[in-house]
$ cat entry-v7.pdb   # PDB, C-alpha atoms and all ligand atoms
ATOM      1  CA  MET A  15    -144.657 202.728  71.672  1.00  0.00           C
ATOM      2  CA  ILE A  16    -144.499 201.326  75.195  1.00  0.00           C
ATOM      3  CA  GLN A  17    -146.888 199.115  77.110  1.00  0.00           C
ATOM      4  CA  THR A  18    -146.334 197.656  80.554  1.00  0.00           C
ATOM      5  CA  ASP A  19    -148.591 195.077  82.151  1.00  0.00           C
ATOM      6  CA  ASN A  20    -148.714 194.396  85.903  1.00  0.00           C
ATOM      7  CA  LEU A  21    -145.005 195.034  86.504  1.00  0.00           C
ATOM      8  CA  THR A  22    -143.620 194.013  89.872  1.00  0.00           C
ATOM      9  CA  PHE A  23    -140.074 194.073  91.201  1.00  0.00           C
ATOM     10  CA  ARG A  24    -138.168 193.258  94.385  1.00  0.00           C
ATOM     11  CA  TYR A  25    -134.511 193.945  95.172  1.00  0.00           C
ATOM     12  CA  LYS A  26    -132.641 190.892  96.458  1.00  0.00           C
ATOM     13  CA  LYS A  27    -132.562 190.482 100.252  1.00  0.00           C
ATOM     14  CA  THR A  28    -135.388 193.002 100.752  1.00  0.00           C
ATOM     15  CA  GLU A  29    -138.987 192.526 101.855  1.00  0.00           C
ATOM     16  CA  CYS A  30    -140.668 195.230  99.808  1.00  0.00           C
ATOM     17  CA  THR A  31    -142.253 194.365  96.448  1.00  0.00           C
ATOM     18  CA  PHE A  32    -142.904 197.264  94.058  1.00  0.00           C
ATOM     19  CA  CYS A  33    -146.148 197.045  92.043  1.00  0.00           C
ATOM     20  CA  PHE A  34    -146.165 199.588  89.247  1.00  0.00           C
ATOM     21  CA  PRO A  35    -149.186 201.076  87.445  1.00  0.00           C
ATOM     22  CA  ASN A  36    -149.577 200.091  83.802  1.00  0.00           C
ATOM     23  CA  ILE A  37    -148.149 202.406  81.154  1.00  0.00           C
ATOM     24  CA  ASP A  38    -149.578 202.635  77.644  1.00  0.00           C
ATOM     25  CA  LEU A  39    -147.883 205.186  75.392  1.00  0.00           C
ATOM     26  CA  LYS A  40    -148.631 205.457  71.679  1.00  0.00           C
ATOM     27  CA  GLU A  41    -146.186 206.987  69.210  1.00  0.00           C
ATOM     28  CA  GLN A  42    -145.034 210.488  70.232  1.00  0.00           C
ATOM     29  CA  GLU A  43    -146.769 210.375  73.631  1.00  0.00           C
ATOM     30  CA  ASN A  44    -144.755 211.609  76.590  1.00  0.00           C
ATOM     31  CA  LEU A  45    -145.076 210.806  80.272  1.00  0.00           C
ATOM     32  CA  LEU A  46    -143.965 212.436  83.492  1.00  0.00           C
ATOM     33  CA  ILE A  47    -143.493 210.114  86.482  1.00  0.00           C
ATOM     34  CA  LEU A  48    -143.785 211.754  89.873  1.00  0.00           C
ATOM     35  CA  GLY A  49    -143.658 210.440  93.410  1.00  0.00           C
ATOM     36  CA  LYS A  50    -141.998 210.945  96.750  1.00  0.00           C
ATOM     37  CA  SER A  51    -138.375 210.009  97.352  1.00  0.00           C
ATOM     38  CA  GLY A  52    -137.771 206.260  97.646  1.00  0.00           C
ATOM     39  CA  ILE A  53    -141.117 205.243  96.112  1.00  0.00           C
ATOM     40  CA  GLY A  54    -139.427 203.479  93.166  1.00  0.00           C
ATOM     41  CA  LYS A  55    -139.241 206.000  90.303  1.00  0.00           C
ATOM     42  CA  THR A  56    -135.655 205.178  89.318  1.00  0.00           C
ATOM     43  CA  THR A  57    -136.402 201.481  89.767  1.00  0.00           C
ATOM     44  CA  LEU A  58    -139.260 201.749  87.265  1.00  0.00           C
ATOM     45  CA  LEU A  59    -137.045 203.605  84.809  1.00  0.00           C
ATOM     46  CA  HIS A  60    -134.391 200.888  85.119  1.00  0.00           C
ATOM     47  CA  LEU A  61    -137.033 198.205  84.478  1.00  0.00           C
ATOM     48  CA  LEU A  62    -138.174 200.097  81.352  1.00  0.00           C
ATOM     49  CA  ALA A  63    -134.560 200.305  80.183  1.00  0.00           C
ATOM     50  CA  GLY A  64    -134.118 196.562  80.699  1.00  0.00           C
ATOM     51  CA  LEU A  65    -131.387 197.206  83.271  1.00  0.00           C
ATOM     52  CA  LEU A  66    -133.384 195.299  85.909  1.00  0.00           C
ATOM     53  CA  PRO A  67    -135.569 192.228  85.242  1.00  0.00           C
ATOM     54  CA  PRO A  68    -139.137 192.355  86.633  1.00  0.00           C
ATOM     55  CA  VAL A  69    -140.291 189.673  89.086  1.00  0.00           C
ATOM     56  CA  SER A  70    -143.500 189.487  87.059  1.00  0.00           C
ATOM     57  CA  GLY A  71    -145.285 191.398  84.347  1.00  0.00           C
ATOM     58  CA  LYS A  72    -144.374 192.491  80.889  1.00  0.00           C
ATOM     59  CA  ILE A  73    -142.740 195.414  79.056  1.00  0.00           C
ATOM     60  CA  VAL A  74    -143.409 195.746  75.336  1.00  0.00           C
ATOM     61  CA  MET A  75    -141.429 198.412  73.511  1.00  0.00           C
ATOM     62  CA  GLU A  76    -141.670 199.028  69.780  1.00  0.00           C
ATOM     63  CA  GLY A  77    -143.548 195.721  69.583  1.00  0.00           C
ATOM     64  CA  VAL A  78    -140.754 193.800  71.344  1.00  0.00           C
ATOM     65  CA  ASP A  79    -141.237 192.010  74.681  1.00  0.00           C
ATOM     66  CA  ILE A  80    -137.894 193.203  76.049  1.00  0.00           C
ATOM     67  CA  ASN A  81    -137.663 190.636  78.828  1.00  0.00           C
ATOM     68  CA  SER A  82    -137.869 187.787  76.348  1.00  0.00           C
ATOM     69  CA  LEU A  83    -134.563 188.939  74.799  1.00  0.00           C
ATOM     70  CA  SER A  84    -131.192 187.383  75.656  1.00  0.00           C
ATOM     71  CA  HIS A  85    -128.596 189.650  77.362  1.00  0.00           C
ATOM     72  CA  GLY A  86    -126.875 190.234  74.025  1.00  0.00           C
ATOM     73  CA  GLN A  87    -130.136 190.988  72.205  1.00  0.00           C
ATOM     74  CA  LEU A  88    -131.232 193.320  74.992  1.00  0.00           C
ATOM     75  CA  ASP A  89    -127.917 195.231  74.896  1.00  0.00           C
ATOM     76  CA  LYS A  90    -128.297 195.628  71.135  1.00  0.00           C
ATOM     77  CA  PHE A  91    -131.966 196.672  71.441  1.00  0.00           C
ATOM     78  CA  ARG A  92    -131.104 199.208  74.152  1.00  0.00           C
ATOM     79  CA  GLY A  93    -128.164 200.606  72.154  1.00  0.00           C
ATOM     80  CA  GLN A  94    -130.314 201.180  69.083  1.00  0.00           C
ATOM     81  CA  ASN A  95    -133.711 202.112  70.538  1.00  0.00           C
ATOM     82  CA  ILE A  96    -133.313 203.615  73.987  1.00  0.00           C
ATOM     83  CA  GLY A  97    -131.730 206.879  75.060  1.00  0.00           C
ATOM     84  CA  LEU A  98    -130.964 207.008  78.760  1.00  0.00           C
ATOM     85  CA  VAL A  99    -130.479 210.314  80.538  1.00  0.00           C
ATOM     86  CA  PHE A 100    -129.007 209.697  83.976  1.00  0.00           C
ATOM     87  CA  GLN A 101    -128.488 212.117  86.848  1.00  0.00           C
ATOM     88  CA  LYS A 102    -124.749 211.752  86.249  1.00  0.00           C
ATOM     89  CA  SER A 103    -123.363 211.783  82.710  1.00  0.00           C
ATOM     90  CA  HIS A 104    -121.745 208.559  81.480  1.00  0.00           C
ATOM     91  CA  ALA A 105    -119.268 210.301  79.193  1.00  0.00           C
ATOM     92  CA  VAL A 106    -115.816 208.813  78.525  1.00  0.00           C
ATOM     93  CA  GLN A 107    -113.275 210.912  80.480  1.00  0.00           C
ATOM     94  CA  SER A 108    -110.424 210.527  77.993  1.00  0.00           C
ATOM     95  CA  LEU A 109    -112.468 211.814  75.029  1.00  0.00           C
ATOM     96  CA  ASN A 110    -113.593 215.339  74.265  1.00  0.00           C
ATOM     97  CA  THR A 111    -117.233 216.371  73.791  1.00  0.00           C
ATOM     98  CA  VAL A 112    -117.424 215.750  70.030  1.00  0.00           C
ATOM     99  CA  GLU A 113    -115.449 212.489  70.267  1.00  0.00           C
ATOM    100  CA  ASN A 114    -117.874 211.241  72.947  1.00  0.00           C
ATOM    101  CA  LEU A 115    -120.824 211.866  70.616  1.00  0.00           C
ATOM    102  CA  GLN A 116    -119.025 210.224  67.682  1.00  0.00           C
ATOM    103  CA  ALA A 117    -118.290 207.187  69.852  1.00  0.00           C
ATOM    104  CA  ARG A 118    -121.965 206.998  70.868  1.00  0.00           C
ATOM    105  CA  LEU A 119    -123.007 206.907  67.204  1.00  0.00           C
ATOM    106  CA  PHE A 120    -120.352 204.277  66.455  1.00  0.00           C
ATOM    107  CA  PHE A 121    -121.568 201.967  69.241  1.00  0.00           C
ATOM    108  CA  SER A 122    -125.192 202.400  68.089  1.00  0.00           C
ATOM    109  CA  LYS A 123    -124.063 201.363  64.605  1.00  0.00           C
ATOM    110  CA  LYS A 124    -125.152 204.747  63.226  1.00  0.00           C
ATOM    111  CA  SER A 125    -122.966 206.604  60.748  1.00  0.00           C
ATOM    112  CA  LYS A 126    -120.872 209.582  61.883  1.00  0.00           C
ATOM    113  CA  ASN A 127    -122.920 212.742  61.395  1.00  0.00           C
ATOM    114  CA  ASN A 128    -120.999 215.904  62.271  1.00  0.00           C
ATOM    115  CA  ILE A 129    -123.858 218.199  61.205  1.00  0.00           C
ATOM    116  CA  LEU A 130    -126.208 216.477  63.649  1.00  0.00           C
ATOM    117  CA  ILE A 131    -123.564 216.636  66.398  1.00  0.00           C
ATOM    118  CA  ASN A 132    -122.887 220.341  65.785  1.00  0.00           C
ATOM    119  CA  ASN A 133    -126.623 221.163  65.775  1.00  0.00           C
ATOM    120  CA  LEU A 134    -127.149 219.315  69.026  1.00  0.00           C
ATOM    121  CA  LEU A 135    -124.196 221.022  70.729  1.00  0.00           C
ATOM    122  CA  ASN A 136    -125.432 224.382  69.473  1.00  0.00           C
ATOM    123  CA  GLN A 137    -128.963 223.819  70.810  1.00  0.00           C
ATOM    124  CA  LEU A 138    -127.533 222.812  74.170  1.00  0.00           C
ATOM    125  CA  GLY A 139    -125.227 225.828  74.395  1.00  0.00           C
ATOM    126  CA  LEU A 140    -122.119 223.645  74.223  1.00  0.00           C
ATOM    127  CA  ASP A 141    -120.501 225.246  71.142  1.00  0.00           C
ATOM    128  CA  ASP A 142    -117.521 226.419  73.152  1.00  0.00           C
ATOM    129  CA  CYS A 143    -116.972 222.982  74.662  1.00  0.00           C
ATOM    130  CA  LYS A 144    -116.515 220.921  71.486  1.00  0.00           C
ATOM    131  CA  LYS A 145    -112.844 220.239  72.156  1.00  0.00           C
ATOM    132  CA  SER A 146    -113.153 220.169  75.955  1.00  0.00           C
ATOM    133  CA  LYS A 147    -112.341 216.956  77.785  1.00  0.00           C
ATOM    134  CA  VAL A 148    -115.067 215.699  80.118  1.00  0.00           C
ATOM    135  CA  ASN A 149    -113.153 216.688  83.286  1.00  0.00           C
ATOM    136  CA  GLU A 150    -112.962 220.278  82.004  1.00  0.00           C
ATOM    137  CA  LEU A 151    -116.763 220.669  81.945  1.00  0.00           C
ATOM    138  CA  SER A 152    -118.899 222.200  84.688  1.00  0.00           C
ATOM    139  CA  GLU A 153    -121.660 220.119  86.341  1.00  0.00           C
ATOM    140  CA  GLY A 154    -124.314 221.814  84.198  1.00  0.00           C
ATOM    141  CA  GLN A 155    -122.300 221.362  80.978  1.00  0.00           C
ATOM    142  CA  LEU A 156    -121.719 217.719  81.880  1.00  0.00           C
ATOM    143  CA  GLN A 157    -125.433 217.200  82.397  1.00  0.00           C
ATOM    144  CA  ARG A 158    -126.160 218.767  79.000  1.00  0.00           C
ATOM    145  CA  LEU A 159    -123.508 216.532  77.384  1.00  0.00           C
ATOM    146  CA  GLY A 160    -125.330 213.590  79.022  1.00  0.00           C
ATOM    147  CA  ILE A 161    -128.529 214.717  77.278  1.00  0.00           C
ATOM    148  CA  ALA A 162    -126.728 215.018  73.930  1.00  0.00           C
ATOM    149  CA  LEU A 163    -125.245 211.520  74.378  1.00  0.00           C
ATOM    150  CA  SER A 164    -128.651 210.029  75.071  1.00  0.00           C
ATOM    151  CA  VAL A 165    -130.394 211.466  71.999  1.00  0.00           C
ATOM    152  CA  VAL A 166    -127.661 211.702  69.333  1.00  0.00           C
ATOM    153  CA  HIS A 167    -128.544 208.254  67.915  1.00  0.00           C
ATOM    154  CA  ASN A 168    -132.256 209.214  67.548  1.00  0.00           C
ATOM    155  CA  PRO A 169    -133.648 206.594  69.957  1.00  0.00           C
ATOM    156  CA  LYS A 170    -137.320 205.589  69.780  1.00  0.00           C
ATOM    157  CA  VAL A 171    -137.629 205.854  73.557  1.00  0.00           C
ATOM    158  CA  ILE A 172    -135.957 208.490  75.739  1.00  0.00           C
ATOM    159  CA  LEU A 173    -135.866 207.696  79.458  1.00  0.00           C
ATOM    160  CA  ALA A 174    -134.706 210.568  81.639  1.00  0.00           C
ATOM    161  CA  ASP A 175    -133.958 210.382  85.363  1.00  0.00           C
ATOM    162  CA  GLU A 176    -134.091 213.886  86.902  1.00  0.00           C
ATOM    163  CA  PRO A 177    -132.631 215.502  83.738  1.00  0.00           C
ATOM    164  CA  THR A 178    -132.913 219.061  85.054  1.00  0.00           C
ATOM    165  CA  SER A 179    -131.916 218.660  88.684  1.00  0.00           C
ATOM    166  CA  ASN A 180    -128.542 220.475  88.421  1.00  0.00           C
ATOM    167  CA  LEU A 181    -129.656 223.174  86.016  1.00  0.00           C
ATOM    168  CA  ASP A 182    -130.529 226.845  86.388  1.00  0.00           C
ATOM    169  CA  ASP A 183    -133.898 228.072  85.053  1.00  0.00           C
ATOM    170  CA  ASP A 184    -132.591 228.953  81.566  1.00  0.00           C
ATOM    171  CA  ASN A 185    -130.810 225.651  81.052  1.00  0.00           C
ATOM    172  CA  CYS A 186    -133.724 223.721  82.574  1.00  0.00           C
ATOM    173  CA  LYS A 187    -135.978 225.178  79.862  1.00  0.00           C
ATOM    174  CA  ILE A 188    -133.416 224.496  77.107  1.00  0.00           C
ATOM    175  CA  VAL A 189    -132.909 220.886  78.174  1.00  0.00           C
ATOM    176  CA  ILE A 190    -136.559 219.957  78.604  1.00  0.00           C
ATOM    177  CA  GLU A 191    -137.531 221.637  75.334  1.00  0.00           C
ATOM    178  CA  LEU A 192    -134.706 219.830  73.578  1.00  0.00           C
ATOM    179  CA  LEU A 193    -135.913 216.478  74.935  1.00  0.00           C
ATOM    180  CA  ILE A 194    -139.532 217.214  73.970  1.00  0.00           C
ATOM    181  CA  ASN A 195    -138.568 218.481  70.490  1.00  0.00           C
ATOM    182  CA  GLN A 196    -136.176 215.598  69.905  1.00  0.00           C
ATOM    183  CA  ALA A 197    -138.905 213.110  70.827  1.00  0.00           C
ATOM    184  CA  LYS A 198    -141.336 214.891  68.492  1.00  0.00           C
ATOM    185  CA  ARG A 199    -138.827 215.019  65.606  1.00  0.00           C
ATOM    186  CA  THR A 200    -138.090 211.289  65.753  1.00  0.00           C
ATOM    187  CA  ASN A 201    -141.623 210.141  66.770  1.00  0.00           C
ATOM    188  CA  ALA A 202    -140.118 208.857  70.002  1.00  0.00           C
ATOM    189  CA  ASN A 203    -141.669 208.449  73.437  1.00  0.00           C
ATOM    190  CA  LEU A 204    -140.192 210.548  76.229  1.00  0.00           C
ATOM    191  CA  ILE A 205    -140.513 209.409  79.844  1.00  0.00           C
ATOM    192  CA  VAL A 206    -139.160 211.734  82.528  1.00  0.00           C
ATOM    193  CA  ILE A 207    -138.987 211.140  86.250  1.00  0.00           C
ATOM    194  CA  THR A 208    -138.536 214.210  88.361  1.00  0.00           C
ATOM    195  CA  HIS A 209    -139.020 216.228  91.515  1.00  0.00           C
ATOM    196  CA  ASP A 210    -138.606 219.402  89.485  1.00  0.00           C
ATOM    197  CA  HIS A 211    -141.816 221.435  89.701  1.00  0.00           C
ATOM    198  CA  ARG A 212    -140.574 223.740  86.920  1.00  0.00           C
ATOM    199  CA  ILE A 213    -141.300 221.124  84.241  1.00  0.00           C
ATOM    200  CA  LYS A 214    -144.691 219.763  85.368  1.00  0.00           C
ATOM    201  CA  SER A 215    -146.669 222.187  83.214  1.00  0.00           C
ATOM    202  CA  LEU A 216    -144.885 220.983  80.054  1.00  0.00           C
ATOM    203  CA  PHE A 217    -146.374 217.474  80.276  1.00  0.00           C
ATOM    204  CA  SER A 218    -150.052 216.704  79.760  1.00  0.00           C
ATOM    205  CA  ASN A 219    -149.636 213.069  80.755  1.00  0.00           C
ATOM    206  CA  SER A 220    -148.370 212.108  84.206  1.00  0.00           C
ATOM    207  CA  ILE A 221    -148.556 209.377  86.831  1.00  0.00           C
ATOM    208  CA  ILE A 222    -147.827 209.572  90.538  1.00  0.00           C
ATOM    209  CA  LEU A 223    -146.299 206.443  92.083  1.00  0.00           C
TER     210      LEU A 223
HETATM  211  N1  LIG B 301    -129.831 198.018  94.684  1.00  0.00           N
HETATM  212  C1  LIG B 301    -130.739 198.148  95.650  1.00  0.00           C
HETATM  213  N2  LIG B 301    -130.876 197.198  96.603  1.00  0.00           N
HETATM  214  C2  LIG B 301    -131.800 197.305  97.577  1.00  0.00           C
HETATM  215  N3  LIG B 301    -132.672 198.349  97.676  1.00  0.00           N
HETATM  216  C3  LIG B 301    -132.587 199.318  96.756  1.00  0.00           C
HETATM  217  C4  LIG B 301    -131.622 199.277  95.694  1.00  0.00           C
HETATM  218  N4  LIG B 301    -131.778 200.377  94.924  1.00  0.00           N
HETATM  219  C5  LIG B 301    -132.799 201.083  95.486  1.00  0.00           C
HETATM  220  N5  LIG B 301    -133.258 200.452  96.564  1.00  0.00           N
HETATM  221  C6  LIG B 301    -134.388 200.911  97.416  1.00  0.00           C
HETATM  222  O1  LIG B 301    -135.565 200.891  96.641  1.00  0.00           O
HETATM  223  C7  LIG B 301    -136.383 202.012  96.969  1.00  0.00           C
HETATM  224  C8  LIG B 301    -136.726 202.774  95.699  1.00  0.00           C
HETATM  225  O2  LIG B 301    -135.537 203.354  95.171  1.00  0.00           O
HETATM  226  P1  LIG B 301    -135.587 204.326  93.909  1.00  0.00           P
HETATM  227  O3  LIG B 301    -134.194 204.829  93.678  1.00  0.00           O
HETATM  228  O4  LIG B 301    -136.263 203.628  92.791  1.00  0.00           O
HETATM  229  O5  LIG B 301    -136.527 205.502  94.434  1.00  0.00           O
HETATM  230  P2  LIG B 301    -136.859 206.929  93.830  1.00  0.00           P
HETATM  231  O6  LIG B 301    -138.342 207.094  93.884  1.00  0.00           O
HETATM  232  O7  LIG B 301    -136.224 207.065  92.493  1.00  0.00           O
HETATM  233  O8  LIG B 301    -136.140 207.891  94.868  1.00  0.00           O
HETATM  234  P3  LIG B 301    -135.471 209.356  94.683  1.00  0.00           P
HETATM  235  O9  LIG B 301    -136.588 210.270  94.249  1.00  0.00           O
HETATM  236  O10 LIG B 301    -134.981 209.672  96.064  1.00  0.00           O
HETATM  237  O11 LIG B 301    -134.376 209.230  93.670  1.00  0.00           O
HETATM  238  C9  LIG B 301    -135.608 202.826  98.006  1.00  0.00           C
HETATM  239  O12 LIG B 301    -136.119 202.507  99.271  1.00  0.00           O
HETATM  240  C10 LIG B 301    -134.196 202.353  97.856  1.00  0.00           C
HETATM  241  O13 LIG B 301    -133.494 202.414  99.074  1.00  0.00           O
END
$ encode --input "entry-v7.pdb" --output "structure tokens"
Amino acid sequence: MIQTDNLTFRYKKTECTFCFPNIDLKEQENLLILGKSGIGKTTLLHLLAGLLPPVSGKIVMEGVDINSLSHGQLDKFRGQNIGLVFQKSHAVQSLNTVENLQARLFFSKKSKNNILINNLLNQLGLDDCKKSKVNELSEGQLQRLGIALSVVHNPKVILADEPTSNLDDDNCKIVIELLINQAKRTNANLIVITHDHRIKSLFSNSIIL
């Protein structure tokens, strides 16, 4: 569950203050955030992830006012409750695909679960890449590994920044369905920001910034 209340933000040394519309998502509700380039979509996602502090306003996630947490508490909360899908994967170069997912579970304090990892890789069409090092993956495979890394620990909130931008039509469908199904399976909220018109019809709930 996510509620925001009168969120505003300003980057240092800039004039422009962003004022964001309120968000109120109950369990299992998803949201698509649209808007023209530079309007502040990624900024809003970073506020929701606790990566940027708002100038004013409030973000309550799973009943926790995330901006009242210390840095350490926020890191722990993010690690356990939030799955972040970035435009570029944050995989560890020196590890292979499976090892990256095992490391993600370890840092989220979740037990190693090879069945879960294998299922996820299978759904994402990454079966043949289990032993591949990150620098041996194509852009599309890397993006799908990024998705796997962001959901393997079953987060309560999945925040995705342009998750389908580098993908062909088939993989776009696979990835967005995986995110939607994963959110459904774990009663999580899924928030996606995108320019990708292919996925608009899959979301009933959207806001335009
Ligand atoms: N670290 C920063 N310092 C100063 N200004 C920034 C910083 N990061 C982003 N901005 C500015 O804030 C505005 C919003 O950026 P943001 O990345 O949130 O937009 P966006 O809607 O996600 O754009 P796009 O769709 O092109 O990715 C832009 O004008 C950008 O130049």
$ residues_around --input "entry-v7.pdb" --residues "Asn128 (chain A)" --least-positions-apart "2" --cutoff "12 Å" --atoms "all atoms listed in the file" --output "PDB file with C-alpha atoms, keeping the file's coordinate frame"
ATOM      1  CA  VAL A 112    -117.424 215.750  70.030  1.00  0.00           C
ATOM      2  CA  GLU A 113    -115.449 212.489  70.267  1.00  0.00           C
ATOM      3  CA  LEU A 115    -120.824 211.866  70.616  1.00  0.00           C
ATOM      4  CA  GLN A 116    -119.025 210.224  67.682  1.00  0.00           C
ATOM      5  CA  ALA A 117    -118.290 207.187  69.852  1.00  0.00           C
ATOM      6  CA  LEU A 119    -123.007 206.907  67.204  1.00  0.00           C
ATOM      7  CA  LYS A 124    -125.152 204.747  63.226  1.00  0.00           C
ATOM      8  CA  SER A 125    -122.966 206.604  60.748  1.00  0.00           C
ATOM      9  CA  LYS A 126    -120.872 209.582  61.883  1.00  0.00           C
ATOM     10  CA  LEU A 130    -126.208 216.477  63.649  1.00  0.00           C
ATOM     11  CA  ILE A 131    -123.564 216.636  66.398  1.00  0.00           C
ATOM     12  CA  ASN A 132    -122.887 220.341  65.785  1.00  0.00           C
ATOM     13  CA  ASN A 133    -126.623 221.163  65.775  1.00  0.00           C
ATOM     14  CA  LEU A 134    -127.149 219.315  69.026  1.00  0.00           C
ATOM     15  CA  LEU A 135    -124.196 221.022  70.729  1.00  0.00           C
ATOM     16  CA  ASN A 136    -125.432 224.382  69.473  1.00  0.00           C
ATOM     17  CA  LYS A 144    -116.515 220.921  71.486  1.00  0.00           C
ATOM     18  CA  VAL A 166    -127.661 211.702  69.333  1.00  0.00           C
TER      19      VAL A 166
END
$ residues_near_ligand --input "entry-v7.pdb" --ligand "ligand LIG 301 (chain B)" --cutoff "12 Å" --atoms "all atoms listed in the file" --output "PyMOL selection string"
chain A and resi 23-34+47-61+65-66+100-101+174-177+179+206-210+222-223
$ residues_around --input "entry-v7.pdb" --residues "Ser215 (chain A)" --least-positions-apart "3" --cutoff "12 Å" --atoms "all atoms listed in the file" --output "list in words"
Leu45, Leu46, Lys187, Ile190, Asp210, His211, Arg212, Ser218, Asn219 and Ser220 of chain A
$ atom_distance --input "entry-v7.pdb" --atom1 "CA of Asp38 (chain A)" --atom2 "CA of Ile73 (chain A)"
10.0 Å
$ resolve_selection --input "entry-v7.pdb" --expression "the PyMOL selection byres (((chain A and resi 77) around 9) and not hetatm)" --output "PyMOL selection string"
chain A and resi 15-17+74-76+78-80
$ resolve_selection --input "entry-v7.pdb" --expression "the PyMOL selection byres (((chain A and resi 103) around 7) and not hetatm)" --output "PDB file with C-alpha atoms, in the coordinates of the input"
ATOM      1  CA  PHE A 100    -129.007 209.697  83.976  1.00  0.00           C
ATOM      2  CA  GLN A 101    -128.488 212.117  86.848  1.00  0.00           C
ATOM      3  CA  LYS A 102    -124.749 211.752  86.249  1.00  0.00           C
ATOM      4  CA  HIS A 104    -121.745 208.559  81.480  1.00  0.00           C
ATOM      5  CA  ALA A 105    -119.268 210.301  79.193  1.00  0.00           C
ATOM      6  CA  LEU A 156    -121.719 217.719  81.880  1.00  0.00           C
ATOM      7  CA  GLN A 157    -125.433 217.200  82.397  1.00  0.00           C
ATOM      8  CA  GLY A 160    -125.330 213.590  79.022  1.00  0.00           C
TER       9      GLY A 160
END
$ residues_around --input "entry-v7.pdb" --residues "Lys170 (chain A)" --least-positions-apart "6" --cutoff "7 Å" --atoms "all atoms listed in the file" --output "ChimeraX atom specification"
/A:95-96,201-203
$ residues_near_point --input "entry-v7.pdb" --point "(-130.4, 195.4, 78.0)" --cutoff "8 Å" --atoms "all atoms listed in the file" --output "number ranges by chain"
A: 63-65, 85-92
$ closest_residue --input "entry-v7.pdb" --among "A:Lys145, A:Lys214, A:Arg199, A:Lys123" --to "Gln42 (chain A)" --atoms "only C-alpha atoms"
A:Arg199
$ atom_distance --input "entry-v7.pdb" --atom1 "CA of Gln137 (chain A)" --atom2 "CA of Ser152 (chain A)"
17.2 Å
$ build_atoms --input "entry-v7.pdb" --residues "region 184-197 of chain A" --atoms "N, CA and C atoms" --output "PDB file, in the frame of the given file"
ATOM      1  N   ASP A 184    -132.764 228.853  83.023  1.00  0.00           N
ATOM      2  CA  ASP A 184    -132.591 228.953  81.566  1.00  0.00           C
ATOM      3  C   ASP A 184    -132.226 227.597  80.974  1.00  0.00           C
ATOM      4  N   ASN A 185    -131.248 226.940  81.598  1.00  0.00           N
ATOM      5  CA  ASN A 185    -130.810 225.651  81.052  1.00  0.00           C
ATOM      6  C   ASN A 185    -131.853 224.554  81.272  1.00  0.00           C
ATOM      7  N   CYS A 186    -132.630 224.666  82.335  1.00  0.00           N
ATOM      8  CA  CYS A 186    -133.724 223.721  82.574  1.00  0.00           C
ATOM      9  C   CYS A 186    -134.693 223.768  81.392  1.00  0.00           C
ATOM     10  N   LYS A 187    -135.031 224.990  80.970  1.00  0.00           N
ATOM     11  CA  LYS A 187    -135.978 225.178  79.862  1.00  0.00           C
ATOM     12  C   LYS A 187    -135.365 224.628  78.560  1.00  0.00           C
ATOM     13  N   ILE A 188    -134.085 224.952  78.334  1.00  0.00           N
ATOM     14  CA  ILE A 188    -133.416 224.496  77.107  1.00  0.00           C
ATOM     15  C   ILE A 188    -133.430 222.974  77.042  1.00  0.00           C
ATOM     16  N   VAL A 189    -133.047 222.347  78.156  1.00  0.00           N
ATOM     17  CA  VAL A 189    -132.909 220.886  78.174  1.00  0.00           C
ATOM     18  C   VAL A 189    -134.256 220.191  77.992  1.00  0.00           C
ATOM     19  N   ILE A 190    -135.272 220.657  78.688  1.00  0.00           N
ATOM     20  CA  ILE A 190    -136.559 219.957  78.604  1.00  0.00           C
ATOM     21  C   ILE A 190    -137.191 220.179  77.229  1.00  0.00           C
ATOM     22  N   GLU A 191    -137.009 221.391  76.689  1.00  0.00           N
ATOM     23  CA  GLU A 191    -137.531 221.637  75.334  1.00  0.00           C
ATOM     24  C   GLU A 191    -136.780 220.802  74.310  1.00  0.00           C
ATOM     25  N   LEU A 192    -135.480 220.660  74.515  1.00  0.00           N
ATOM     26  CA  LEU A 192    -134.706 219.830  73.578  1.00  0.00           C
ATOM     27  C   LEU A 192    -135.196 218.382  73.618  1.00  0.00           C
ATOM     28  N   LEU A 193    -135.428 217.866  74.818  1.00  0.00           N
ATOM     29  CA  LEU A 193    -135.913 216.478  74.935  1.00  0.00           C
ATOM     30  C   LEU A 193    -137.291 216.329  74.279  1.00  0.00           C
ATOM     31  N   ILE A 194    -138.181 217.285  74.547  1.00  0.00           N
ATOM     32  CA  ILE A 194    -139.532 217.214  73.970  1.00  0.00           C
ATOM     33  C   ILE A 194    -139.464 217.339  72.436  1.00  0.00           C
ATOM     34  N   ASN A 195    -138.669 218.290  71.944  1.00  0.00           N
ATOM     35  CA  ASN A 195    -138.568 218.481  70.490  1.00  0.00           C
ATOM     36  C   ASN A 195    -137.903 217.295  69.807  1.00  0.00           C
ATOM     37  N   GLN A 196    -136.869 216.768  70.462  1.00  0.00           N
ATOM     38  CA  GLN A 196    -136.176 215.598  69.905  1.00  0.00           C
ATOM     39  C   GLN A 196    -137.148 214.424  69.788  1.00  0.00           C
ATOM     40  N   ALA A 197    -137.939 214.213  70.843  1.00  0.00           N
ATOM     41  CA  ALA A 197    -138.905 213.110  70.827  1.00  0.00           C
ATOM     42  C   ALA A 197    -139.919 213.320  69.697  1.00  0.00           C
TER      43      ALA A 197
END
